[in-house]
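> To be precise about what I am sending: the file is called query_35.cif and holds mmCIF, C-alpha atoms.
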data_start
#
loop_
_atom_site.label_atom_id
_atom_site.label_comp_id
_atom_site.auth_asym_id
_atom_site.auth_seq_id
_atom_site.Cartn_x
_atom_site.Cartn_y
_atom_site.Cartn_z
CA MET A 10 149.10 95.15 45.63
CA ASN A 11 148.95 97.66 42.81
CA ALA A 12 145.77 99.56 41.93
CA LEU A 13 145.18 97.49 38.78
CA ALA A 14 145.25 94.24 40.75
CA ALA A 15 142.89 95.65 43.34
CA ASP A 16 140.47 96.76 40.63
CA GLY A 17 140.56 93.26 39.17
CA LEU A 18 139.59 91.73 42.50
CA LEU A 19 136.71 94.15 42.98
CA SER A 20 135.17 93.64 39.53
CA ALA A 21 132.36 91.09 39.38
CA SER A 22 132.63 88.58 36.55
CA ASP A 23 130.69 89.18 33.34
CA VAL A 24 128.53 86.16 34.16
CA ARG A 25 127.68 87.52 37.61
CA GLN A 26 126.92 90.98 36.23
CA ALA A 27 124.61 89.52 33.60
CA ALA A 28 122.78 87.55 36.30
CA ILE A 29 122.37 90.74 38.35
CA HIS A 30 120.83 92.64 35.45
CA THR A 31 118.44 89.76 34.73
CA TRP A 32 117.52 89.57 38.43
CA PHE A 33 116.95 93.32 38.75
CA ALA A 34 114.71 93.41 35.67
CA ALA A 35 111.91 92.05 37.89
CA PHE A 36 111.79 95.26 39.95
CA ARG A 37 110.02 98.55 39.40
CA PRO A 38 109.86 101.72 41.53
CA GLY A 39 106.90 101.67 43.90
CA MET A 40 106.94 97.91 44.40
CA THR A 41 106.58 96.31 47.83
CA VAL A 42 109.16 93.57 48.22
CA ALA A 43 109.61 91.10 51.07
CA LEU A 44 113.09 89.86 52.00
CA SER A 45 113.59 86.58 53.82
CA THR A 46 116.33 84.17 54.86
CA HIS A 47 116.68 80.81 56.60
CA ILE A 48 115.44 79.85 60.04
CA ASN A 49 117.68 81.15 62.83
CA ALA A 50 119.15 83.88 60.66
CA ASP A 51 122.90 84.39 60.93
CA GLY A 52 125.18 87.32 60.21
CA ASP A 53 125.25 86.71 56.48
CA GLY A 54 121.46 86.48 56.25
CA CYS A 55 120.83 89.52 58.48
CA GLY A 56 123.59 91.60 56.96
CA SER A 57 122.55 90.81 53.40
CA GLU A 58 118.89 91.57 54.11
CA THR A 59 119.48 94.94 55.76
CA ALA A 60 121.98 95.98 53.09
CA LEU A 61 119.63 94.98 50.27
CA ALA A 62 116.65 96.75 51.86
CA ARG A 63 118.60 100.01 51.92
CA LEU A 64 119.99 99.53 48.42
CA LEU A 65 116.60 98.82 46.83
CA ALA A 66 115.14 101.85 48.63
CA GLN A 67 117.50 103.96 46.51
CA ARG A 68 115.47 102.82 43.50
CA GLY A 69 112.12 103.60 45.11
CA ILE A 70 111.37 100.02 46.18
CA ASP A 71 109.73 99.50 49.58
CA CYS A 72 111.19 96.48 51.41
CA ARG A 73 110.07 94.57 54.46
CA ILE A 74 112.02 91.79 56.18
CA VAL A 75 109.93 88.71 56.98
CA ASN A 76 111.98 85.86 58.43
CA PRO A 77 110.67 82.48 59.64
CA THR A 78 112.20 83.01 63.10
CA PRO A 79 112.68 86.17 65.21
CA TRP A 80 115.41 88.64 64.36
CA PRO A 81 118.55 87.79 66.41
CA SER A 82 119.28 90.29 69.16
CA MET A 83 122.98 90.08 68.27
CA PHE A 84 122.25 91.79 64.95
CA GLU A 85 119.69 94.37 66.11
CA PHE A 86 122.32 97.05 65.52
CA LEU A 87 122.00 96.42 61.76
CA LEU A 88 118.37 97.55 61.85
CA GLY A 89 117.18 101.14 62.01
CA PRO A 90 114.16 103.33 61.36
CA ASP A 91 114.77 102.95 57.63
CA VAL A 92 114.38 99.13 57.72
CA GLN A 93 111.02 97.42 58.29
CA GLU A 94 111.53 94.20 60.28
CA MET A 95 108.18 92.35 60.27
CA SER A 96 109.10 88.75 61.12
CA ALA A 97 106.63 88.77 64.02
CA MET A 98 103.81 88.79 61.46
CA GLY A 99 104.79 85.33 60.21
CA ALA A 100 103.34 84.28 56.86
CA ALA A 101 100.92 87.23 56.95
CA GLY A 102 103.93 89.45 56.32
CA LEU A 103 104.05 88.02 52.81
CA ASP A 104 100.54 89.25 51.98
CA ASP A 105 100.14 92.06 49.45
CA ILE A 106 103.72 91.96 48.18
CA ASP A 107 104.84 92.40 44.59
CA ALA A 108 107.90 90.14 44.87
CA LEU A 109 109.91 88.09 47.35
CA VAL A 110 113.68 87.93 47.58
CA VAL A 111 115.12 84.95 49.46
CA LEU A 112 118.71 85.40 50.62
CA ASP A 113 121.39 82.94 51.75
CA ILE A 114 119.41 79.78 50.88
CA ASN A 115 118.02 78.14 47.80
CA ASP A 116 115.78 75.48 49.30
CA VAL A 117 112.24 76.42 50.28
CA ARG A 118 112.23 73.98 53.19
CA ARG A 119 114.75 76.14 55.05
CA LEU A 120 112.12 78.87 55.24
CA GLY A 121 110.42 76.94 58.02
CA GLN A 122 106.93 78.26 58.83
CA LEU A 123 107.00 80.45 55.70
CA ALA A 124 107.62 77.57 53.29
CA ASP A 125 103.99 76.72 52.47
CA LYS A 126 103.13 80.37 51.93
CA VAL A 127 106.11 80.83 49.63
CA ARG A 128 105.16 77.75 47.62
CA SER A 129 101.75 79.31 46.97
CA LEU A 130 102.95 82.77 45.95
CA THR A 131 102.10 83.93 42.44
CA VAL A 132 104.45 86.94 42.50
CA PRO A 133 108.09 86.70 41.38
CA VAL A 134 110.33 84.85 43.84
CA LEU A 135 113.99 85.74 43.40
CA VAL A 136 117.14 84.41 45.06
CA ILE A 137 120.55 85.69 46.14
CA ASP A 138 122.69 82.84 47.44
CA HIS A 139 126.12 81.22 47.54
CA HIS A 140 125.09 77.66 48.38
CA ILE A 141 124.45 74.71 46.13
CA ALA A 142 120.74 74.68 45.31
CA GLY A 143 118.74 72.30 47.48
CA ASP A 144 116.26 69.62 46.47
CA GLU A 145 113.43 72.17 46.30
CA PRO A 146 114.83 75.44 44.91
CA VAL A 147 112.98 78.58 45.93
CA GLY A 148 112.83 80.58 42.71
CA THR A 149 113.92 80.52 39.10
CA THR A 150 115.68 83.91 38.87
CA ALA A 151 118.82 84.05 40.94
CA VAL A 152 122.10 85.77 41.58
CA ALA A 153 123.88 82.66 42.76
CA ASP A 154 127.53 81.68 42.87
CA THR A 155 129.06 79.07 45.16
CA LYS A 156 132.44 80.78 44.71
CA ALA A 157 131.25 83.83 46.63
CA CYS A 158 132.55 83.92 50.21
CA ALA A 159 129.14 85.03 51.46
CA THR A 160 125.77 86.16 50.20
CA GLY A 161 126.95 89.60 51.30
CA GLU A 162 129.58 89.49 48.55
CA LEU A 163 126.82 89.07 45.97
CA VAL A 164 124.81 91.95 47.47
CA TYR A 165 127.95 94.10 47.23
CA ASP A 166 128.19 93.18 43.55
CA ILE A 167 124.53 94.12 43.06
CA ALA A 168 125.26 97.56 44.53
CA VAL A 169 128.32 98.16 42.34
CA THR A 170 126.83 96.70 39.15
CA LEU A 171 123.66 98.79 39.47
CA GLY A 172 125.51 101.95 40.50
CA LEU A 173 123.90 102.10 43.96
CA GLU A 174 125.53 103.92 46.87
CA VAL A 175 127.28 101.86 49.53
CA THR A 176 126.39 104.12 52.44
CA PRO A 177 127.94 103.64 55.90
CA ALA A 178 124.85 101.65 56.99
CA VAL A 179 125.00 99.43 53.90
CA ALA A 180 128.74 98.94 54.38
CA GLN A 181 128.25 97.93 58.02
CA SER A 182 125.67 95.31 57.05
CA LEU A 183 127.83 93.88 54.26
CA TYR A 184 130.88 93.78 56.53
CA ALA A 185 128.87 91.86 59.15
CA ALA A 186 127.80 89.38 56.45
CA ILE A 187 131.31 88.75 55.14
CA LEU A 188 133.00 88.85 58.56
CA THR A 189 130.72 86.22 60.09
CA ASP A 190 130.50 83.86 57.11
CA THR A 191 134.28 83.73 56.75
CA GLY A 192 134.74 83.14 60.47
CA SER A 193 136.49 86.50 60.91
CA PHE A 194 138.45 85.83 57.71
CA ARG A 195 139.73 82.47 59.02
CA PHE A 196 137.74 79.91 57.02
CA SER A 197 138.75 78.46 53.66
CA ASN A 198 136.14 80.58 51.85
CA THR A 199 138.22 83.67 52.72
CA SER A 200 139.37 84.77 49.29
CA PRO A 201 141.60 87.66 48.21
CA ARG A 202 138.38 89.24 46.92
CA ALA A 203 136.78 88.97 50.37
CA HIS A 204 139.61 91.07 51.79
CA ALA A 205 139.45 93.53 48.90
CA ILE A 206 135.72 94.08 49.42
CA ALA A 207 136.23 94.37 53.18
CA ALA A 208 138.80 97.10 52.54
CA GLN A 209 136.26 99.02 50.46
CA LEU A 210 133.72 98.70 53.26
CA LEU A 211 136.22 100.14 55.73
CA VAL A 212 136.72 103.07 53.37
CA ALA A 213 132.92 103.47 53.30
CA GLY A 214 132.85 103.96 57.06
CA VAL A 215 132.96 100.61 58.86
CA ASN A 216 134.78 100.60 62.22
CA PRO A 217 136.31 97.11 62.51
CA GLU A 218 136.91 97.34 66.26
CA GLU A 219 133.30 98.31 66.87
CA MET A 220 132.10 95.45 64.65
CA TYR A 221 134.25 92.97 66.57
CA ARG A 222 132.88 94.24 69.88
CA ARG A 223 129.25 94.04 68.77
CA ILE A 224 129.48 90.56 67.25
CA TYR A 225 132.14 88.71 69.24
CA ALA A 226 132.86 90.53 72.49
CA GLN A 227 129.48 90.68 74.23
CA VAL A 228 129.14 87.30 75.91
CA SER A 229 126.69 86.71 78.75
CA VAL A 230 127.53 84.74 81.89
CA GLY A 231 124.82 82.26 80.93
CA ARG A 232 126.53 81.58 77.63
CA LEU A 233 129.77 80.68 79.40
CA GLN A 234 127.90 78.42 81.82
CA LEU A 235 126.18 76.73 78.89
CA LEU A 236 129.53 76.29 77.15
CA ARG A 237 130.96 74.68 80.28
CA GLU A 238 128.11 72.16 80.29
CA ALA A 239 128.40 71.49 76.57
CA LEU A 240 132.12 70.82 76.84
CA GLY A 241 131.37 68.35 79.62
CA SER A 242 129.71 66.17 76.96
CA LEU A 243 132.73 66.24 74.67
CA GLN A 244 133.60 62.96 72.96
CA VAL A 245 136.75 62.62 70.85
CA GLU A 246 137.69 59.75 68.55
CA SER A 247 141.26 60.68 67.71
CA ASP A 248 141.88 57.66 65.48
CA ILE A 249 139.46 58.97 62.83
CA GLY A 250 139.39 62.67 63.71
CA LEU A 251 135.81 62.86 64.98
CA SER A 252 134.70 65.12 67.86
CA HIS A 253 131.20 65.94 69.09
CA ILE A 254 129.33 67.71 71.88
CA SER A 255 125.65 67.91 72.87
CA VAL A 256 123.20 70.00 74.86
CA ASP A 257 119.86 68.88 76.26
CA ALA A 258 116.43 70.37 75.66
CA GLY A 259 115.65 73.39 77.81
CA VAL A 260 119.26 74.47 78.09
CA THR A 261 118.48 78.00 76.90
CA ASP A 262 115.86 78.46 79.62
CA ARG A 263 118.09 76.99 82.27
CA PHE A 264 120.95 79.37 81.57
CA HIS A 265 118.75 82.28 80.48
CA VAL A 266 120.31 82.55 77.05
CA THR A 267 118.92 82.95 73.55
CA SER A 268 119.20 80.39 70.79
CA GLU A 269 121.70 82.55 68.94
CA GLU A 270 124.10 82.29 71.88
CA LEU A 271 124.67 78.67 70.91
CA ASP A 272 126.21 79.83 67.66
CA GLY A 273 129.90 79.07 67.46
CA ILE A 274 129.93 76.35 70.12
CA VAL A 275 130.66 73.75 67.46
CA GLU A 276 133.95 75.53 66.78
CA HIS A 277 135.32 74.22 70.08
CA PRO A 278 135.34 70.53 69.08
CA ARG A 279 136.47 71.52 65.58
CA SER A 280 139.51 73.27 67.09
CA ILE A 281 140.82 70.06 68.69
CA THR A 282 144.09 68.95 67.14
CA GLY A 283 143.50 66.17 64.62
CA THR A 284 139.75 66.73 64.32
CA ARG A 285 138.52 66.38 60.75
CA LEU A 286 134.78 66.43 61.48
CA ALA A 287 133.02 68.06 64.43
CA LEU A 288 129.36 67.70 65.41
CA PHE A 289 127.14 69.70 67.73
CA PHE A 290 123.81 68.15 68.75
CA ARG A 291 121.16 70.43 70.19
CA ASP A 292 117.98 68.82 71.51
CA LEU A 293 115.10 71.14 70.65
CA GLY A 294 112.50 68.98 72.37
CA HIS A 295 109.43 67.47 70.72
CA ASP A 296 111.63 64.83 69.02
CA LYS A 297 113.64 67.36 67.06
CA VAL A 298 117.42 67.67 67.12
CA LYS A 299 119.46 70.34 65.36
CA VAL A 300 122.82 69.05 64.18
CA SER A 301 125.69 71.34 63.19
CA PHE A 302 128.41 69.80 61.00
CA ARG A 303 131.88 71.37 60.74
CA SER A 304 135.04 70.08 59.11
CA THR A 305 138.66 70.79 58.39
CA GLY A 306 140.85 69.75 55.48
CA ASP A 307 139.17 68.00 52.59
CA VAL A 308 136.13 66.63 54.47
CA ASP A 309 132.89 67.79 52.79
CA VAL A 310 130.21 67.86 55.49
CA GLN A 311 127.57 69.16 53.11
CA GLN A 312 127.35 65.72 51.55
CA LEU A 313 126.72 64.23 54.98
CA ALA A 314 124.16 66.86 56.00
CA ARG A 315 122.20 66.45 52.77
CA ARG A 316 121.49 62.83 53.66
CA TYR A 317 119.27 64.20 56.42
CA GLY A 318 117.59 66.96 54.46
CA GLY A 319 120.10 69.60 55.51
CA GLY A 320 122.72 71.54 53.62
CA GLY A 321 125.16 74.41 53.68
CA HIS A 322 128.82 74.49 52.72
CA ALA A 323 131.57 71.91 52.41
CA LYS A 324 133.07 73.02 55.72
CA ALA A 325 129.90 74.11 57.55
CA SER A 326 126.43 72.61 57.25
CA GLY A 327 123.40 71.81 59.35
CA ALA A 328 120.29 69.66 59.51
CA MET A 329 117.12 69.31 61.57
CA ILE A 330 116.49 65.64 62.34
CA SER A 331 113.53 63.90 63.96
CA GLY A 332 114.14 61.68 66.97
CA SER A 333 115.41 61.83 70.53
CA LEU A 334 118.85 63.27 71.24
CA GLU A 335 120.28 59.82 71.96
CA GLU A 336 118.76 58.28 68.82
CA VAL A 337 119.94 61.05 66.53
CA ARG A 338 123.39 61.23 68.08
CA THR A 339 123.91 57.46 67.81
CA ARG A 340 122.81 57.43 64.17
CA ILE A 341 124.77 60.49 63.04
CA VAL A 342 127.97 59.55 64.87
CA ALA A 343 127.88 56.08 63.31
CA ASP A 344 127.30 57.61 59.90
CA ALA A 345 130.10 60.14 60.46
CA ARG A 346 132.53 57.37 61.41
CA ALA A 347 131.75 55.49 58.21
CA TYR A 348 131.96 58.70 56.19
CA LEU A 349 135.41 59.53 57.56
CA ARG A 350 136.59 55.98 56.82
CA GLY A 351 135.32 56.25 53.28
CA GLU A 352 132.82 53.45 53.74
#
Would you mind writing the file's structure down as structure tokens?

Amino acid sequence: MNALAADGLLSASDVRQAAIHTWFAAFRPGMTVALSTHINADGDGCGSETALARLLAQRGIDCRIVNPTPWPSMFEFLLGPDVQEMSAMGAAGLDDIDALVVLDINDVRRLGQLADKVRSLTVPVLVIDHHIAGDEPVGTTAVADTKACATGELVYDIAVTLGLEVTPAVAQSLYAAILTDTGSFRFSNTSPRAHAIAAQLLVAGVNPEEMYRRIYAQVSVGRLQLLREALGSLQVESDIGLSHISVDAGVTDRFHVTSEELDGIVEHPRSITGTRLALFFRDLGHDKVKVSFRSTGDVDVQQLARRYGGGGHAKASGAMISGSLEEVRTRIVADARAYLRGE
């Protein structure tokens, strides 16, 4: 690729740059700004938050991260003494702020225990996201583009558009965001631009081997034992390309693992030859079941997840559904069969 082509890939569109300038007009030096993302934050949410906190600090803006669920241990390495992580405070962490930035979602319901507090805020609520807006959008001022491979891509564009420095720590956070949301550059949202930005982040100091080790190569024995049990529940309907697995309530306690160690398990049924739609049912207890939807080819699982108040991407979505594991599984599997048959 010649230098001109590379520059073209790295340049944000005029529309995206205009949105960034409008978004940033809400900020002033000396402000206290809270950053938040969806329940059970993932690599894109955590990476985007820590990168943005460091970038806004360059403009004299004090940021605190307040998420609806605890910070994942997997991504603790993205934090540091220069980032305030205050999720343990819950909704109280949103007191006395001058603005809120919500990243990687645009539906207030996905803020979990913070949702009611956010609905009542009188300060500006701004969004950075690459999903289709949900039924209850969070704010009115957004840097949003469903064509972005990750929210981290949009944060990168904010840095470049505003002339902020992509330090090694910022680069590491953005790389984690893009790496995880593209499935290590394997998913269909992996664009030429995703690779071009990743290359710039390597130039800025990211060590790709170290990032792989931290994110993908530190698996506990309990996680493997849990995976063995989950695969024991595997059901495959080859005629329509449907595969699903389940885990019971209390599985994390039984195998001494954290909730985040269940991430990626749904990729096992999705990897089965001929599978078009894969489901992972996790019983959370108290009549709540978390369902992960994954697809291959032209199957849009977001449309299916939205029927149950969930959302995400065409190839990867999720929903929290009330009911017992058996009830939810029976209902969703039946719906998925009909969906795959075009009924």
> Hey, which bits of region 245-328 of chain A sit within 12 Å of region 45-66 of chain A, and for each residue what's the closest pair of atoms and how far apart in Å (one decimal), counting only C-alpha atoms, rows by chain and increasing number, as a Markdown table?

| residue | atom | partner | partner_atom | distance |
| --- | --- | --- | --- | --- |
| A:Thr267 | CA | A:Asn49 | CA | 10.9 |
| A:Ser268 | CA | A:Asn49 | CA | 8.1 |
| A:Glu269 | CA | A:Asn49 | CA | 7.4 |
| A:Glu270 | CA | A:Asn49 | CA | 11.2 |
| A:Leu271 | CA | A:Asn49 | CA | 11.0 |
| A:Asp272 | CA | A:Asp51 | CA | 8.8 |
| A:Gly273 | CA | A:Asp51 | CA | 11.0 |
| A:Lys299 | CA | A:Asn49 | CA | 11.2 |
| A:Gly319 | CA | A:His47 | CA | 11.8 |
| A:Gly320 | CA | A:His47 | CA | 11.5 |
| A:Gly321 | CA | A:His47 | CA | 11.0 |
| A:Gly327 | CA | A:Ile48 | CA | 11.3 |
| A:Ala328 | CA | A:Ile48 | CA | 11.3 |
> If you apply the PyMOL selection byres ((chain A and resi 334) around 9) to this file, what residues do you get, as number ranges by chain?
A: 255-258, 290-294, 296-298, 332-333, 335-339
> Separation of CA of Cys158 (chain A) and CA of Asn198 (chain A), in Å?
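Here the two named atoms are 5.2 Å from each other.
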> How would you write, as a PDB file with C-alpha atoms, in the coordinates of the input, the residues chosen by the PyMOL selection byres ((chain A and resi 74) around 6) on this structure?

ATOM      1  CA  ALA A  43     109.610  91.100  51.070  1.00  0.00           C
ATOM      2  CA  LEU A  44     113.090  89.860  52.000  1.00  0.00           C
ATOM      3  CA  SER A  45     113.590  86.580  53.820  1.00  0.00           C
ATOM      4  CA  ARG A  73     110.070  94.570  54.460  1.00  0.00           C
ATOM      5  CA  VAL A  75     109.930  88.710  56.980  1.00  0.00           C
ATOM      6  CA  GLU A  94     111.530  94.200  60.280  1.00  0.00           C
ATOM      7  CA  MET A  95     108.180  92.350  60.270  1.00  0.00           C
TER       8      MET A  95
END
> Given the file shown, enumerate the residues that the PyMOL selection byres ((chain A and resi 223) around 12) captures and present them as a count of residues only.
22
